[in-house]
Amino acid sequence: MHLLIPAAGTGRRMGSDRNKLLLVVGSKPIIAWTLLAAEAASLISWIGIISQPYDWQDFQTILTQLKLSKPVELIQGGSTRQESVYNGLQALSHSAKEVLIHDGARCLATPDLFNSCAQAIRDCPGLIAAVPVKDTIKVVDENGIIQSTPDRRQLWAAQTPQGFDVKLLKQCHAEGVRQGWEVTDDAALFEKCGFPVRVIEGEETNLKLTTPQDLAIAEFILKTRLGEE
Ligand code: CTP
Ligand code: MG
């Protein structure tokens with residue numbers, strides 16, 4: 001299974017002056033943890049890191065240290081995540097019928113989650129890892145007034161990996177460009193084109209490291225895991 005890792009962001013909400021994926025958590029850069037999980041997932045056979053050329057030297061240094069057994073390619077990122085994934089899809093070899101896409105910033109996803117997504121994508125054209133939301137979610141207008149309270153039993157928090165039939169996802173991305181759709185994940189493009197996307201049980205610990213507080217939480221989770229080994 002081919003895996004694309006969007007890693008071309010700037011980490012604005014992290015407040016760091018460089019790509020947040022290069023920040024160190026638990027003695028390794030964030031992207032290194034993501035790569036180690038992909039390396040350990042037996043069903044992943046190829047890894048594409050979508051990233052900005054100004055970060056390539058740093059990513060190369062990390063790759064040299066990790067000595068992964070799987071082929072890894074650096075692919076040029078775009079100015080939005082959507083553009084980055086678009087570039088990644090163009091870089092896939094023709095042999096890739098399905099693809100998993102996993103945010104570099106979700107460095108706590110386990111190899112088991114990659115494998116269960118890789119397994120499940122053989123039976124449906126689109127899927128995402130997600131978890132039921134624990135909070136009651138409010139829809140709020142620009143004046144801070146609540147407009148509605150959707151039934152929590154129907155709400156899931158989307159994660160990655162997300163898996164797709166490559167041909168269909170390419171079509172959805174092309175349609176997105178034509179229509180000017182701006183989305184924050186690939187499932188949204190798939191949905192807008194009317195294709196079914198299945199939800200599979202994600203992991204509570206599969207956080208997207210976004211703010212400085214997330215670094216402290218990730219540090220704690222990694223330490224707990226190492227203690228359990
Ligand atoms: N990403 C990408 N290309 C972009 C923007 C984001 O590949 N132009 C990637 C990020 O590197 C990250 C993933 O998409 O792994 C999820 O995005 P997010 O967590 O929002 O990261 P950033 O965009 O870097 O952070 P921020 O939105 O706070 O600037
Ligand atoms: Mg972003």
# chains A, B, ... in the order shown; residues from 1 in each chain; ligands from 1
>>> residues_around(residues="Gln154 (chain A)", least_positions_apart="4", cutoff="9 Å", atoms="only C-alpha atoms", output="list of chain:residue names")
A:Pro132, A:Val133, A:Pro150
>>> write_last_selection(atoms="C-alpha atoms", output="compact mmCIF listing (two decimals), in the first residue's frame")
# COMPACT_ATOMS: atom_id res chain seq x y z
CA PRO A 132 -17.08 9.57 18.36
CA VAL A 133 -17.02 13.11 19.84
CA PRO A 150 -26.46 18.65 16.33
>>> residues_near_ligand(ligand="ligand 1", cutoff="9 Å", atoms="only C-alpha atoms and all ligand atoms", output="PyMOL selection string")
chain A and resi 5-15+19-21+31+49-52+77-85+102-106+184-185+208-211
>>> select_by_dssp(residues="chain A", states="helix (DSSP H, G or I)", output="ChimeraX atom specification")
/A:12-14,20-22,30-40,53-66,81-90,111-120,152-154,166-179,186-192,212-228
>>> write_last_selection(atoms="C-alpha atoms", output="mmCIF file, in the first residue's frame")
data_model
loop_
_atom_site.group_PDB
_atom_site.id
_atom_site.type_symbol
_atom_site.label_atom_id
_atom_site.label_comp_id
_atom_site.auth_asym_id
_atom_site.auth_seq_id
_atom_site.Cartn_x
_atom_site.Cartn_y
_atom_site.Cartn_z
ATOM 1 C CA ARG A 12 1.218 28.695 12.339
ATOM 2 C CA ARG A 13 -0.925 27.661 15.330
ATOM 3 C CA MET A 14 2.122 26.043 16.938
ATOM 4 C CA LYS A 20 6.257 22.167 13.366
ATOM 5 C CA LEU A 21 7.039 18.643 12.124
ATOM 6 C CA LEU A 22 10.728 19.358 12.773
ATOM 7 C CA ILE A 30 7.496 14.839 15.143
ATOM 8 C CA ILE A 31 7.850 13.612 11.547
ATOM 9 C CA ALA A 32 10.289 10.897 12.697
ATOM 10 C CA TRP A 33 7.604 9.340 14.931
ATOM 11 C CA THR A 34 5.128 9.378 12.032
ATOM 12 C CA LEU A 35 7.670 7.704 9.765
ATOM 13 C CA LEU A 36 8.554 5.059 12.356
ATOM 14 C CA ALA A 37 4.886 4.105 12.701
ATOM 15 C CA ALA A 38 4.573 3.801 8.900
ATOM 16 C CA GLU A 39 7.773 1.745 8.780
ATOM 17 C CA ALA A 40 6.393 -0.619 11.422
ATOM 18 C CA PRO A 53 11.856 22.172 -0.727
ATOM 19 C CA TYR A 54 13.256 24.493 1.981
ATOM 20 C CA ASP A 55 12.676 21.634 4.475
ATOM 21 C CA TRP A 56 14.172 18.875 2.319
ATOM 22 C CA GLN A 57 17.630 19.069 3.823
ATOM 23 C CA ASP A 58 16.210 18.623 7.329
ATOM 24 C CA PHE A 59 13.942 15.764 6.205
ATOM 25 C CA GLN A 60 16.914 14.085 4.456
ATOM 26 C CA THR A 61 18.960 14.278 7.667
ATOM 27 C CA ILE A 62 16.088 12.657 9.612
ATOM 28 C CA LEU A 63 15.724 9.922 6.952
ATOM 29 C CA THR A 64 19.454 9.193 7.083
ATOM 30 C CA GLN A 65 19.224 8.760 10.861
ATOM 31 C CA LEU A 66 16.100 6.554 10.726
ATOM 32 C CA ARG A 81 -3.052 20.864 2.379
ATOM 33 C CA GLN A 82 -5.450 20.231 -0.504
ATOM 34 C CA GLU A 83 -2.823 21.342 -3.043
ATOM 35 C CA SER A 84 -0.191 19.286 -1.283
ATOM 36 C CA VAL A 85 -2.275 16.109 -1.550
ATOM 37 C CA TYR A 86 -3.045 16.928 -5.188
ATOM 38 C CA ASN A 87 0.707 17.017 -5.895
ATOM 39 C CA GLY A 88 1.171 13.783 -3.979
ATOM 40 C CA LEU A 89 -1.465 12.011 -6.071
ATOM 41 C CA GLN A 90 0.285 13.048 -9.301
ATOM 42 C CA PRO A 111 1.071 0.768 13.084
ATOM 43 C CA ASP A 112 -2.095 -1.242 13.828
ATOM 44 C CA LEU A 113 -4.257 1.690 12.706
ATOM 45 C CA PHE A 114 -2.308 1.990 9.425
ATOM 46 C CA ASN A 115 -2.732 -1.745 8.870
ATOM 47 C CA SER A 116 -6.461 -1.807 9.607
ATOM 48 C CA CYS A 117 -7.019 1.111 7.192
ATOM 49 C CA ALA A 118 -4.861 -0.566 4.528
ATOM 50 C CA GLN A 119 -6.872 -3.780 4.973
ATOM 51 C CA ALA A 120 -10.291 -2.087 4.908
ATOM 52 C CA ARG A 152 -23.991 14.041 19.295
ATOM 53 C CA ARG A 153 -24.719 10.411 18.441
ATOM 54 C CA GLN A 154 -24.152 11.293 14.793
ATOM 55 C CA VAL A 166 -6.622 6.541 -6.424
ATOM 56 C CA LYS A 167 -8.514 7.006 -9.680
ATOM 57 C CA LEU A 168 -11.644 8.293 -7.907
ATOM 58 C CA LEU A 169 -9.714 10.571 -5.538
ATOM 59 C CA LYS A 170 -7.846 12.113 -8.483
ATOM 60 C CA GLN A 171 -11.222 12.787 -10.137
ATOM 61 C CA CYS A 172 -12.517 14.392 -6.920
ATOM 62 C CA HIS A 173 -9.447 16.621 -6.608
ATOM 63 C CA ALA A 174 -9.789 17.715 -10.236
ATOM 64 C CA GLU A 175 -13.480 18.508 -9.643
ATOM 65 C CA GLY A 176 -12.496 20.450 -6.515
ATOM 66 C CA VAL A 177 -10.125 22.606 -8.579
ATOM 67 C CA ARG A 178 -12.833 23.186 -11.239
ATOM 68 C CA GLN A 179 -15.459 24.172 -8.646
ATOM 69 C CA ASP A 186 -9.799 14.444 1.319
ATOM 70 C CA ALA A 187 -12.949 12.745 2.532
ATOM 71 C CA ALA A 188 -14.790 16.074 2.082
ATOM 72 C CA LEU A 189 -13.931 16.076 -1.654
ATOM 73 C CA PHE A 190 -15.063 12.467 -1.953
ATOM 74 C CA GLU A 191 -18.354 13.287 -0.172
ATOM 75 C CA LYS A 192 -18.993 16.368 -2.331
ATOM 76 C CA PRO A 212 2.085 24.011 22.039
ATOM 77 C CA GLN A 213 -0.142 22.189 24.577
ATOM 78 C CA ASP A 214 -0.356 19.248 22.185
ATOM 79 C CA LEU A 215 3.443 18.857 22.419
ATOM 80 C CA ALA A 216 3.204 18.289 26.170
ATOM 81 C CA ILE A 217 0.362 15.769 25.726
ATOM 82 C CA ALA A 218 2.283 13.904 22.990
ATOM 83 C CA GLU A 219 5.387 13.847 25.167
ATOM 84 C CA PHE A 220 3.335 12.227 27.933
ATOM 85 C CA ILE A 221 1.765 9.614 25.628
ATOM 86 C CA LEU A 222 5.132 8.670 24.101
ATOM 87 C CA LYS A 223 6.718 8.347 27.537
ATOM 88 C CA THR A 224 3.861 6.118 28.720
ATOM 89 C CA ARG A 225 4.250 3.899 25.641
ATOM 90 C CA LEU A 226 8.003 3.561 26.104
ATOM 91 C CA GLY A 227 7.439 2.633 29.752
ATOM 92 C CA GLU A 228 5.040 -0.137 28.661
#
>>> atom_distance(atom1="CA of Leu207 (chain A)", atom2="CA of Thr136 (chain A)")
18.9 Å
